[in-house]
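Okay, input-v8.cif is below, mmCIF, C-alpha atoms and all ligand atoms:
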```cif
data_coords
#
loop_
_atom_site.label_atom_id
_atom_site.label_comp_id
_atom_site.auth_asym_id
_atom_site.auth_seq_id
_atom_site.Cartn_x
_atom_site.Cartn_y
_atom_site.Cartn_z
CA MET A 1 0.00 0.00 0.00
CA ASN A 2 1.35 3.42 -0.98
CA GLY A 3 -0.16 6.87 -0.68
CA ARG A 4 -1.81 9.01 -3.35
CA ILE A 5 -1.99 12.78 -3.37
CA CYS A 6 -5.69 13.56 -3.04
CA GLY A 7 -5.54 17.33 -2.49
CA THR A 8 -3.12 20.22 -2.90
CA GLY A 9 -3.09 23.81 -1.67
CA SER A 10 -0.78 26.78 -1.53
CA TYR A 11 -0.51 30.22 0.00
CA ILE A 12 1.44 33.12 -1.46
CA PRO A 13 1.88 36.36 0.53
CA GLY A 14 0.35 39.43 -1.07
CA ARG A 15 3.36 41.73 -0.67
CA ILE A 16 5.50 41.73 -3.83
CA LEU A 17 9.16 42.66 -4.04
CA THR A 18 10.24 43.24 -7.65
CA ASN A 19 13.80 43.17 -8.95
CA ASP A 20 13.57 46.96 -9.23
CA ASP A 21 12.65 47.14 -5.53
CA ILE A 22 15.77 45.11 -4.66
CA ALA A 23 17.86 47.39 -6.90
CA GLN A 24 16.95 50.17 -4.41
CA MET A 25 18.58 48.12 -1.62
CA VAL A 26 21.74 46.64 -3.23
CA GLU A 27 23.72 47.26 -6.40
CA THR A 28 21.91 45.10 -8.92
CA ASN A 29 19.40 45.45 -11.73
CA ASP A 30 16.37 43.69 -13.18
CA ALA A 31 18.14 42.61 -16.39
CA TRP A 32 21.01 40.92 -14.46
CA ILE A 33 18.66 39.06 -12.13
CA GLN A 34 16.30 37.92 -14.88
CA GLU A 35 19.11 36.80 -17.17
CA ARG A 36 21.02 34.86 -14.46
CA THR A 37 18.05 33.38 -12.59
CA GLY A 38 14.74 33.79 -14.46
CA ILE A 39 13.34 35.54 -11.37
CA ALA A 40 11.30 38.75 -11.87
CA ARG A 41 9.70 39.15 -8.43
CA ARG A 42 9.11 37.33 -5.19
CA HIS A 43 6.37 37.50 -2.53
CA ILE A 44 7.28 38.42 1.05
CA ILE A 45 5.38 38.01 4.32
CA SER A 46 4.02 41.10 6.06
CA GLY A 47 1.78 41.88 9.03
CA ASP A 48 0.74 38.72 10.89
CA GLU A 49 1.90 36.33 8.17
CA SER A 50 4.42 33.67 9.22
CA THR A 51 5.59 30.21 8.22
CA ALA A 52 2.79 28.81 10.40
CA THR A 53 -0.05 31.00 9.08
CA MET A 54 0.95 30.38 5.45
CA SER A 55 1.12 26.64 6.15
CA ALA A 56 -2.32 26.64 7.75
CA GLU A 57 -3.87 28.46 4.78
CA ALA A 58 -2.23 26.12 2.25
CA SER A 59 -3.33 23.11 4.32
CA LYS A 60 -6.97 24.27 4.51
CA LYS A 61 -7.06 24.49 0.70
CA ALA A 62 -5.49 21.04 0.32
CA LEU A 63 -7.98 19.55 2.78
CA GLU A 64 -10.91 21.24 1.06
CA MET A 65 -9.84 19.78 -2.27
CA SER A 66 -9.37 16.30 -0.80
CA GLY A 67 -12.71 16.31 1.01
CA ILE A 68 -10.92 15.07 4.13
CA ALA A 69 -11.81 16.53 7.53
CA PRO A 70 -8.97 17.88 9.74
CA GLU A 71 -9.78 15.25 12.42
CA GLU A 72 -9.02 12.48 9.90
CA ILE A 73 -5.37 13.50 9.54
CA ASP A 74 -3.08 11.01 11.30
CA MET A 75 0.14 12.96 10.87
CA ILE A 76 1.48 16.37 9.81
CA ILE A 77 5.03 16.53 8.47
CA LEU A 78 6.15 20.09 7.84
CA SER A 79 9.35 20.91 6.03
CA THR A 80 10.98 24.27 6.73
CA ALA A 81 14.33 25.91 7.32
CA SER A 82 12.61 29.09 8.51
CA PRO A 83 10.29 28.20 11.41
CA ASN A 84 8.66 30.97 13.45
CA ALA A 85 9.92 29.38 16.67
CA VAL A 86 12.31 26.62 17.68
CA VAL A 87 9.63 25.20 19.98
CA PRO A 88 6.80 24.48 19.35
CA CYS A 89 7.43 23.05 15.90
CA VAL A 90 5.46 24.68 13.10
CA ALA A 91 3.58 21.43 12.43
CA CYS A 92 2.09 21.61 15.95
CA GLN A 93 1.10 25.24 15.38
CA VAL A 94 -0.62 24.22 12.14
CA GLN A 95 -2.38 21.35 13.93
CA GLU A 96 -3.92 23.88 16.31
CA MET A 97 -4.80 26.37 13.54
CA ILE A 98 -6.62 23.83 11.34
CA GLY A 99 -8.10 21.63 14.08
CA ALA A 100 -6.20 18.44 13.18
CA LYS A 101 -6.47 17.26 16.76
CA ASN A 102 -5.70 13.60 16.08
CA ALA A 103 -2.49 14.22 14.16
CA VAL A 104 1.08 13.44 15.24
CA CYS A 105 3.14 16.48 14.22
CA TYR A 106 6.77 17.30 13.58
CA ASP A 107 9.01 19.48 11.41
CA LEU A 108 11.87 18.33 9.24
CA ASN A 109 14.61 20.35 7.61
CA ALA A 110 16.33 19.20 4.44
CA ALA A 111 16.55 22.72 2.95
CA CYS A 112 15.16 22.93 -0.59
CA SER A 113 14.71 19.13 -0.78
CA GLY A 114 12.51 19.20 2.33
CA PHE A 115 9.12 18.68 0.70
CA LEU A 116 10.46 15.73 -1.27
CA TYR A 117 11.84 14.22 1.95
CA ALA A 118 8.48 14.85 3.65
CA TYR A 119 6.65 13.14 0.78
CA CYS A 120 8.92 10.08 0.94
CA THR A 121 8.63 9.95 4.74
CA ALA A 122 4.82 10.06 4.44
CA GLN A 123 4.97 7.20 1.94
CA ALA A 124 7.15 5.19 4.36
CA PHE A 125 4.63 5.64 7.20
CA ILE A 126 1.77 4.64 4.89
CA ARG A 127 3.63 1.67 3.37
CA SER A 128 4.45 0.36 6.85
CA GLY A 129 0.78 0.55 7.82
CA ILE A 130 1.39 2.95 10.72
CA TYR A 131 -0.70 5.83 9.33
CA LYS A 132 -3.22 6.23 6.51
CA THR A 133 -3.74 9.98 6.02
CA ILE A 134 -0.82 12.39 6.16
CA LEU A 135 -0.66 16.13 5.54
CA ILE A 136 2.70 17.25 4.17
CA ILE A 137 3.70 20.89 3.97
CA GLY A 138 6.65 22.86 2.59
CA ALA A 139 6.74 26.41 3.96
CA GLU A 140 9.34 29.16 4.20
CA SER A 141 9.71 32.74 5.40
CA LEU A 142 13.14 33.14 3.86
CA SER A 143 12.81 36.93 3.95
CA ASN A 144 13.59 36.56 7.68
CA LEU A 145 16.77 34.61 6.94
CA VAL A 146 18.43 36.38 4.02
CA ASN A 147 21.01 39.09 4.37
CA TRP A 148 19.36 41.99 2.54
CA LYS A 149 22.78 43.61 2.06
CA ASP A 150 24.19 40.65 0.10
CA ARG A 151 23.26 40.95 -3.57
CA SER A 152 24.55 37.46 -4.39
CA THR A 153 21.84 35.80 -2.27
CA CYS A 154 19.04 38.28 -1.45
CA ILE A 155 17.87 38.41 -5.07
CA LEU A 156 17.09 34.69 -5.09
CA PHE A 157 14.64 33.90 -2.33
CA GLY A 158 10.92 34.37 -1.61
CA ASP A 159 8.26 33.31 0.90
CA GLY A 160 5.29 30.94 0.52
CA ALA A 161 3.78 27.60 1.45
CA GLY A 162 2.40 24.54 -0.29
CA ALA A 163 0.64 21.47 1.09
CA ALA A 164 -0.60 18.08 -0.04
CA VAL A 165 -2.79 15.42 1.54
CA VAL A 166 -1.41 11.92 1.00
CA GLN A 167 -3.79 9.02 1.67
CA ALA A 168 -3.35 5.24 1.55
CA ASP A 169 -4.44 3.82 -1.82
CA PRO A 170 -3.80 0.26 -3.10
CA ASP A 171 -3.39 1.54 -6.68
CA ALA A 172 -0.89 4.33 -6.07
CA PRO A 173 2.61 3.64 -7.43
CA PHE A 174 5.54 5.20 -5.56
CA GLU A 175 9.30 5.04 -5.97
CA CYS A 176 12.04 7.35 -4.77
CA VAL A 177 15.78 8.01 -4.51
CA LEU A 178 17.17 10.32 -1.83
CA HIS A 179 20.73 11.45 -1.18
CA SER A 180 22.67 13.65 1.26
CA ASP A 181 26.28 14.83 1.41
CA GLY A 182 27.15 16.55 4.67
CA SER A 183 30.75 17.11 3.56
CA LYS A 184 29.46 19.93 1.30
CA GLY A 185 27.46 21.69 4.03
CA ASP A 186 29.41 24.93 3.59
CA ALA A 187 28.05 25.46 0.06
CA LEU A 188 24.86 26.96 1.52
CA ALA A 189 24.91 27.75 5.21
CA LYS A 190 23.61 29.99 7.98
CA ALA A 191 24.28 29.50 11.69
CA THR A 192 21.48 30.02 14.21
CA PRO A 193 21.86 32.95 16.66
CA TYR A 194 21.89 30.30 19.44
CA THR A 195 25.27 28.96 18.28
CA LYS A 196 27.81 31.13 20.03
CA GLY A 197 31.37 32.06 19.16
CA LEU A 198 31.42 31.72 15.37
CA PRO A 199 32.95 34.32 13.02
CA GLU A 200 30.42 37.10 12.32
CA GLU A 201 29.88 36.09 8.67
CA ALA A 202 28.64 32.63 9.76
CA TYR A 203 25.43 34.21 11.09
CA ASN A 204 24.58 35.52 7.63
CA MET A 205 23.52 33.25 4.81
CA THR A 206 26.58 32.25 2.81
CA MET A 207 26.39 30.50 -0.51
CA ASP A 208 28.84 29.26 -3.11
CA GLY A 209 26.51 29.99 -6.03
CA LYS A 210 28.68 28.30 -8.64
CA GLU A 211 29.10 25.12 -6.57
CA ILE A 212 25.33 24.87 -5.94
CA PHE A 213 24.68 25.52 -9.63
CA MET A 214 27.07 22.78 -10.79
CA PHE A 215 25.85 20.36 -8.09
CA ALA A 216 22.24 20.79 -9.24
CA VAL A 217 22.98 20.45 -12.95
CA LYS A 218 24.95 17.24 -12.27
CA ARG A 219 22.60 15.66 -9.74
CA ILE A 220 19.23 16.31 -11.44
CA PRO A 221 19.95 14.08 -14.49
CA GLU A 222 21.67 11.54 -12.21
CA VAL A 223 18.64 11.07 -9.94
CA VAL A 224 16.29 10.88 -12.92
CA ARG A 225 18.37 8.03 -14.36
CA GLU A 226 18.66 6.35 -10.97
CA LEU A 227 14.89 6.58 -10.45
CA MET A 228 14.16 5.20 -13.92
CA GLU A 229 16.32 2.14 -13.16
CA LYS A 230 13.85 1.29 -10.39
CA LEU A 231 10.80 1.66 -12.65
CA PRO A 232 9.42 -0.16 -15.70
CA ILE A 233 9.38 3.13 -17.68
CA CYS A 234 11.98 5.50 -19.15
CA ALA A 235 12.37 9.26 -18.69
CA GLU A 236 10.68 9.92 -22.06
CA ASP A 237 7.47 8.33 -20.69
CA VAL A 238 7.20 10.86 -17.85
CA ASP A 239 4.48 13.46 -18.50
CA LEU A 240 5.72 16.23 -16.22
CA PHE A 241 8.74 16.86 -13.98
CA VAL A 242 8.03 19.05 -10.94
CA LEU A 243 11.43 20.46 -10.00
CA HIS A 244 12.54 22.64 -7.15
CA GLN A 245 12.36 26.20 -8.53
CA ALA A 246 15.80 27.64 -7.82
CA ASN A 247 16.95 29.10 -11.10
CA ALA A 248 15.69 28.79 -14.69
CA ARG A 249 19.25 28.29 -15.97
CA ILE A 250 19.68 25.27 -13.68
CA VAL A 251 16.50 23.71 -15.08
CA GLU A 252 17.48 24.46 -18.69
CA ALA A 253 21.01 23.06 -18.28
CA ALA A 254 19.75 19.88 -16.57
CA VAL A 255 17.05 19.36 -19.21
CA LYS A 256 19.64 19.73 -21.97
CA LYS A 257 21.70 16.95 -20.38
CA LEU A 258 18.62 14.75 -20.10
CA LYS A 259 17.73 15.45 -23.78
CA LEU A 260 14.06 15.91 -22.85
CA PRO A 261 11.61 18.64 -23.99
CA LEU A 262 11.75 21.75 -21.78
CA GLU A 263 7.91 21.91 -21.88
CA LYS A 264 7.87 18.91 -19.52
CA PHE A 265 9.61 21.05 -16.87
CA PRO A 266 7.12 23.78 -15.89
CA MET A 267 8.58 26.79 -14.06
CA ASP A 268 7.16 29.56 -11.88
CA MET A 269 10.28 31.06 -10.25
CA HIS A 270 9.79 34.25 -12.32
CA GLU A 271 6.85 35.03 -9.98
CA TYR A 272 7.94 33.59 -6.60
CA GLY A 273 11.74 33.35 -6.66
CA ASN A 274 13.28 30.39 -4.85
CA THR A 275 10.90 29.46 -2.01
CA SER A 276 13.11 26.52 -0.93
CA SER A 277 11.01 23.64 0.43
CA ALA A 278 7.79 25.42 -0.58
CA SER A 279 8.62 25.57 -4.28
CA ILE A 280 7.65 21.99 -5.25
CA PRO A 281 4.24 21.98 -3.50
CA ILE A 282 3.41 25.49 -4.75
CA LEU A 283 4.15 24.43 -8.34
CA LEU A 284 2.31 21.14 -7.84
CA ASP A 285 -0.76 23.01 -6.63
CA GLU A 286 -0.62 25.55 -9.46
CA LEU A 287 -0.40 22.81 -12.08
CA ASN A 288 -3.15 20.81 -10.38
CA ARG A 289 -5.53 23.77 -10.18
CA ALA A 290 -4.73 24.69 -13.80
CA GLY A 291 -5.92 21.19 -14.82
CA ARG A 292 -2.47 20.10 -16.05
CA PHE A 293 -2.73 16.60 -14.51
CA LYS A 294 -4.92 13.81 -15.84
CA LYS A 295 -5.60 10.55 -14.03
CA GLY A 296 -2.70 8.20 -14.70
CA ASP A 297 -0.21 10.96 -15.63
CA LYS A 298 3.35 9.99 -14.72
CA LEU A 299 5.05 12.63 -12.58
CA VAL A 300 8.53 12.99 -11.14
CA MET A 301 9.26 15.46 -8.32
CA ILE A 302 12.91 16.51 -7.99
CA GLY A 303 14.51 18.39 -5.09
CA PHE A 304 18.03 19.66 -4.50
CA GLY A 305 19.55 22.09 -2.02
CA GLY A 306 21.61 22.84 1.05
CA GLY A 307 22.92 20.05 3.20
CA LEU A 308 23.66 19.02 0.52
CA THR A 309 20.45 17.08 -0.11
CA TRP A 310 18.83 15.88 -3.31
CA GLY A 311 16.50 13.25 -4.71
CA ALA A 312 13.51 12.38 -6.86
CA ALA A 313 10.17 10.65 -6.42
CA TYR A 314 7.81 8.99 -8.90
CA LEU A 315 4.04 9.06 -8.71
CA GLU A 316 1.05 8.59 -10.98
CA TRP A 317 -1.72 11.14 -10.65
CA GLN A 318 -4.82 9.53 -9.14
CA ALA A 319 -7.11 12.42 -8.22
O1 LIG B 401 18.04 26.17 -3.78
C1 LIG B 401 19.39 26.33 -4.09
C2 LIG B 401 19.76 27.76 -3.82
N1 LIG B 401 20.87 28.27 -4.55
C3 LIG B 401 20.93 28.43 -5.88
O2 LIG B 401 20.06 28.08 -6.63
C4 LIG B 401 22.15 29.16 -6.39
C5 LIG B 401 22.66 28.60 -7.70
N2 LIG B 401 23.57 29.55 -8.32
C6 LIG B 401 23.14 30.58 -9.05
O3 LIG B 401 21.95 30.70 -9.28
C7 LIG B 401 24.16 31.55 -9.59
O4 LIG B 401 25.46 31.13 -9.19
C8 LIG B 401 23.91 33.01 -9.14
C9 LIG B 401 22.66 33.54 -9.81
C10 LIG B 401 23.78 33.09 -7.63
C11 LIG B 401 25.08 33.89 -9.58
O5 LIG B 401 25.25 33.79 -10.98
P1 LIG B 401 26.73 33.55 -11.58
O6 LIG B 401 26.58 33.52 -13.03
O7 LIG B 401 27.29 32.32 -10.91
O8 LIG B 401 27.45 34.88 -11.13
P2 LIG B 401 28.82 35.05 -10.33
O9 LIG B 401 28.62 34.70 -8.90
O10 LIG B 401 29.92 34.37 -11.07
O11 LIG B 401 29.04 36.60 -10.44
C12 LIG B 401 29.31 37.22 -11.71
C13 LIG B 401 29.44 38.71 -11.45
C14 LIG B 401 30.35 39.05 -10.28
O12 LIG B 401 31.03 40.25 -10.62
P3 LIG B 401 32.53 40.23 -11.18
O13 LIG B 401 33.36 39.53 -10.13
O14 LIG B 401 32.47 39.48 -12.48
O15 LIG B 401 32.85 41.68 -11.35
C15 LIG B 401 29.41 39.32 -9.14
O16 LIG B 401 29.96 40.21 -8.19
O17 LIG B 401 28.15 39.23 -11.11
C16 LIG B 401 28.25 39.96 -9.86
N3 LIG B 401 26.99 39.82 -9.15
C17 LIG B 401 25.95 40.63 -9.38
N4 LIG B 401 25.76 41.65 -10.23
C18 LIG B 401 24.56 42.24 -10.23
C19 LIG B 401 26.65 38.91 -8.19
N5 LIG B 401 25.39 39.11 -7.81
C20 LIG B 401 24.93 40.18 -8.52
C21 LIG B 401 23.70 40.84 -8.57
N6 LIG B 401 23.57 41.86 -9.45
N7 LIG B 401 22.65 40.49 -7.80
#
```
Kindly return the structure encoded in the file as structure tokens.
Amino acid sequence: MNGRICGTGSYIPGRILTNDDIAQMVETNDAWIQERTGIARRHIISGDESTATMSAEASKKALEMSGIAPEEIDMIILSTASPNAVVPCVACQVQEMIGAKNAVCYDLNAACSGFLYAYCTAQAFIRSGIYKTILIIGAESLSNLVNWKDRSTCILFGDGAGAAVVQADPDAPFECVLHSDGSKGDALAKATPYTKGLPEEAYNMTMDGKEIFMFAVKRIPEVVRELMEKLPICAEDVDLFVLHQANARIVEAAVKKLKLPLEKFPMDMHEYGNTSSASIPILLDELNRAGRFKKGDKLVMIGFGGGLTWGAAYLEWQA
């Protein structure tokens, strides 16, 4: 028994920060950002919005679509690198906000691969028979984490949340490959304020952009091939690839290596920037609500990011 996605939802903050807005803060310009990243704007939390409130809104939409009541949720797994508090975990805050009183709740952090890890963890709980109905969420308030004086990183990131309800289904195929490489942790890092005694720069987000770029372009085709070896299909049979939305050039370079049509790799980072673990579920929800999935469509979700972490998961659309 695996799980099928039976509802998706997302929440995007209303406040927009364009490339021109960022050009007022650091020395950059719209043309440079668009050409190097494909990003035109990003949405940023304001007022009472937080990782928890965005997650709750995305979850309510996913539950509404699935027709499942909050009390039926057995577990909430929430992926974030930007929680509103260390304790309680954001998943517990969401539980309270949506009334999922029977759920077991925890957060996980695998940076931009987090939603993919959450999806595979949900499948493991379902396959083992421990739980039947699991709400998975990817949510980030990266605007609280970035150094707004560093033009090499602050142009990239945005805020948002996406959620999916995964429910046990005897007909749902599932396969995945996940990887981590802690030896490359420095490529994208930020120390918490609770870690004392580090050099000052460690408390700001630091990123080796070129290393992350090359890592992603190498690992995306690798995990697709690895995943296909576990399945009775080939990459050409896949209808849509739902990739982490970091940078349009990363997607284009990886697709070129895979020799697949770019149309199978939908992108929305021009509107939201890189929302880390929220990017896959936001895109999934957009595609779902736009009617891009038919029953039986073969989908591959691919995540990559800090840690380093990366991987891919296969599913067939059942809704
Ligand atoms: O989820 C994973 C998160 N991380 C990523 O996805 C990052 C992946 N990497 C990238 O997307 C790219 O490496 C960047 C977009 C971050 C940078 O693009 P690049 O082509 O690797 O640029 P670069 O770092 O080699 O910098 C080229 C030049 C430098 O100037 P000089 O040394 O040639 O004079 C930078 O100082 O561009 C300069 N530069 C900028 N100029 C205008 C760096 N950032 C900016 C900026 N605006 N925002």
Could you give me, as JSON lines, a per-residue list for chain A showing, wherever an atom lies at most 8 Å from an atom of ligand LIG 401 (chain B), the closest pair of atoms and their distance in Å to one decimal, using all atoms listed in the file and sorting by chain then residue number from low to high?
```
{"residue": "A:Val26", "atom": "CA", "partner": "B:LIG401", "partner_atom": "N7", "distance": 7.7}
{"residue": "A:Glu27", "atom": "CA", "partner": "B:LIG401", "partner_atom": "N6", "distance": 6.2}
{"residue": "A:Thr28", "atom": "CA", "partner": "B:LIG401", "partner_atom": "N6", "distance": 3.7}
{"residue": "A:Asn29", "atom": "CA", "partner": "B:LIG401", "partner_atom": "N6", "distance": 6.0}
{"residue": "A:Trp32", "atom": "CA", "partner": "B:LIG401", "partner_atom": "C18", "distance": 5.7}
{"residue": "A:Ile33", "atom": "CA", "partner": "B:LIG401", "partner_atom": "N7", "distance": 6.1}
{"residue": "A:Arg36", "atom": "CA", "partner": "B:LIG401", "partner_atom": "C9", "distance": 5.1}
{"residue": "A:Thr37", "atom": "CA", "partner": "B:LIG401", "partner_atom": "C9", "distance": 5.4}
{"residue": "A:Ala111", "atom": "CA", "partner": "B:LIG401", "partner_atom": "O1", "distance": 7.7}
{"residue": "A:Cys112", "atom": "CA", "partner": "B:LIG401", "partner_atom": "O1", "distance": 5.4}
{"residue": "A:Arg151", "atom": "CA", "partner": "B:LIG401", "partner_atom": "N7", "distance": 4.3}
{"residue": "A:Ser152", "atom": "CA", "partner": "B:LIG401", "partner_atom": "N5", "distance": 3.9}
{"residue": "A:Thr153", "atom": "CA", "partner": "B:LIG401", "partner_atom": "C10", "distance": 6.3}
{"residue": "A:Cys154", "atom": "CA", "partner": "B:LIG401", "partner_atom": "N7", "distance": 7.6}
{"residue": "A:Ile155", "atom": "CA", "partner": "B:LIG401", "partner_atom": "N7", "distance": 5.9}
{"residue": "A:Leu156", "atom": "CA", "partner": "B:LIG401", "partner_atom": "C10", "distance": 7.3}
{"residue": "A:Leu188", "atom": "CA", "partner": "B:LIG401", "partner_atom": "N1", "distance": 7.4}
{"residue": "A:Met207", "atom": "CA", "partner": "B:LIG401", "partner_atom": "N1", "distance": 7.2}
{"residue": "A:Asp208", "atom": "CA", "partner": "B:LIG401", "partner_atom": "O4", "distance": 7.2}
{"residue": "A:Gly209", "atom": "CA", "partner": "B:LIG401", "partner_atom": "O4", "distance": 3.5}
{"residue": "A:Lys210", "atom": "CA", "partner": "B:LIG401", "partner_atom": "O4", "distance": 4.3}
{"residue": "A:Glu211", "atom": "CA", "partner": "B:LIG401", "partner_atom": "N2", "distance": 7.3}
{"residue": "A:Ile212", "atom": "CA", "partner": "B:LIG401", "partner_atom": "C5", "distance": 4.9}
{"residue": "A:Phe213", "atom": "CA", "partner": "B:LIG401", "partner_atom": "C5", "distance": 4.2}
{"residue": "A:Met214", "atom": "CA", "partner": "B:LIG401", "partner_atom": "C5", "distance": 7.9}
{"residue": "A:Ala216", "atom": "CA", "partner": "B:LIG401", "partner_atom": "C5", "distance": 8.0}
{"residue": "A:His244", "atom": "CA", "partner": "B:LIG401", "partner_atom": "O1", "distance": 7.4}
{"residue": "A:Gln245", "atom": "CA", "partner": "B:LIG401", "partner_atom": "O1", "distance": 7.4}
{"residue": "A:Ala246", "atom": "CA", "partner": "B:LIG401", "partner_atom": "O2", "distance": 4.4}
{"residue": "A:Asn247", "atom": "CA", "partner": "B:LIG401", "partner_atom": "O2", "distance": 5.5}
{"residue": "A:Arg249", "atom": "CA", "partner": "B:LIG401", "partner_atom": "O3", "distance": 7.6}
{"residue": "A:Ile250", "atom": "CA", "partner": "B:LIG401", "partner_atom": "O3", "distance": 7.3}
{"residue": "A:Asn274", "atom": "CA", "partner": "B:LIG401", "partner_atom": "O1", "distance": 6.5}
{"residue": "A:Ser276", "atom": "CA", "partner": "B:LIG401", "partner_atom": "O1", "distance": 5.7}
{"residue": "A:Phe304", "atom": "CA", "partner": "B:LIG401", "partner_atom": "O1", "distance": 6.5}
{"residue": "A:Gly305", "atom": "CA", "partner": "B:LIG401", "partner_atom": "O1", "distance": 4.7}
{"residue": "A:Gly306", "atom": "CA", "partner": "B:LIG401", "partner_atom": "C1", "distance": 6.6}
```
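Proximity to Glu57 (chain A) was assessed for A:Ile137, A:Leu17, A:Thr275, A:Ile76 counting all atoms listed in the file; the smallest distance is recorded for A:Ile137.
The two atoms in question, CA of Ala110 (chain A) and CA of Ala290 (chain A), are spaced 28.4 Å apart.
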Requested in this report: Show which residues sit within 10 Å of Lys61 (chain A), as an NGL selection string. Count only C-alpha atoms, and ignore same-chain residues fewer than 2 positions away.
Outcome: :A and (7-11 or 56-59 or 63-67 or 162-164 or 285)
Report task. Work out how far apart CA of Tyr131 (chain A) and CA of Ser55 (chain A) are and give it in Å to one decimal. Result ->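 According to the coordinates, CA of Tyr131 (chain A) and CA of Ser55 (chain A) are separated by 21.1 Å.
One distance worth recording is that between CA of Thr309 (chain A) and CA of Ala124 (chain A), which is 18.4 Å.
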Query - Top pick for closest residue to Leu78 (chain A), considering A:Pro232, A:Gly158, A:Val251, A:Pro281 and counting only C-alpha atoms - result: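 Under the stated criterion, the closest residue is A:Pro281.
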Query raised in the report: A:Thr121, A:Thr133, A:Gln34, A:Gln95: which is nearest Ala168 (chain A), counting all atoms listed in the file?
Result: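 Ranked by minimum distance to Ala168 (chain A), first place goes to A:Thr133.
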Query raised in the report: Do you know which residues are at most 12 Å from Ile5 (chain A) counting all atoms listed in the file, after dropping those on the same chain fewer than 5 positions away, and could you put them as a PyMOL selection string?
Result: chain A and resi 62-63+65-66+68+119+122-123+132-136+163-169+171-174+281+284-285+288+293+295+299+314-319
Query - Proximity to Val86 (chain A) - best of A:Tyr106, A:Gly296, A:Gly114, A:Glu286, all atoms listed in the file - result: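 That would be A:Tyr106, the residue with the smallest distance to Val86 (chain A).
Using all atoms listed in the file for every distance, the candidate list A:Ser180, A:Ile77, A:Pro83, A:Cys105 yields A:Pro83 as the residue closest to Ser50 (chain A).
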Query - Selected residue of minimal separation from Met25 (chain A) among A:Ala139, A:Asp150, A:Glu271, A:Lys256, counting all atoms listed in the file - result: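 Closest to Met25 (chain A) of all the choices is A:Asp150.
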Report task. Write out as a PyMOL selection string which residues come within 8 Å of region 192-204 of chain A when counting only C-alpha atoms, dropping same-chain ones fewer than 2 positions away. Result -> chain A and resi 145-147+189-190+206
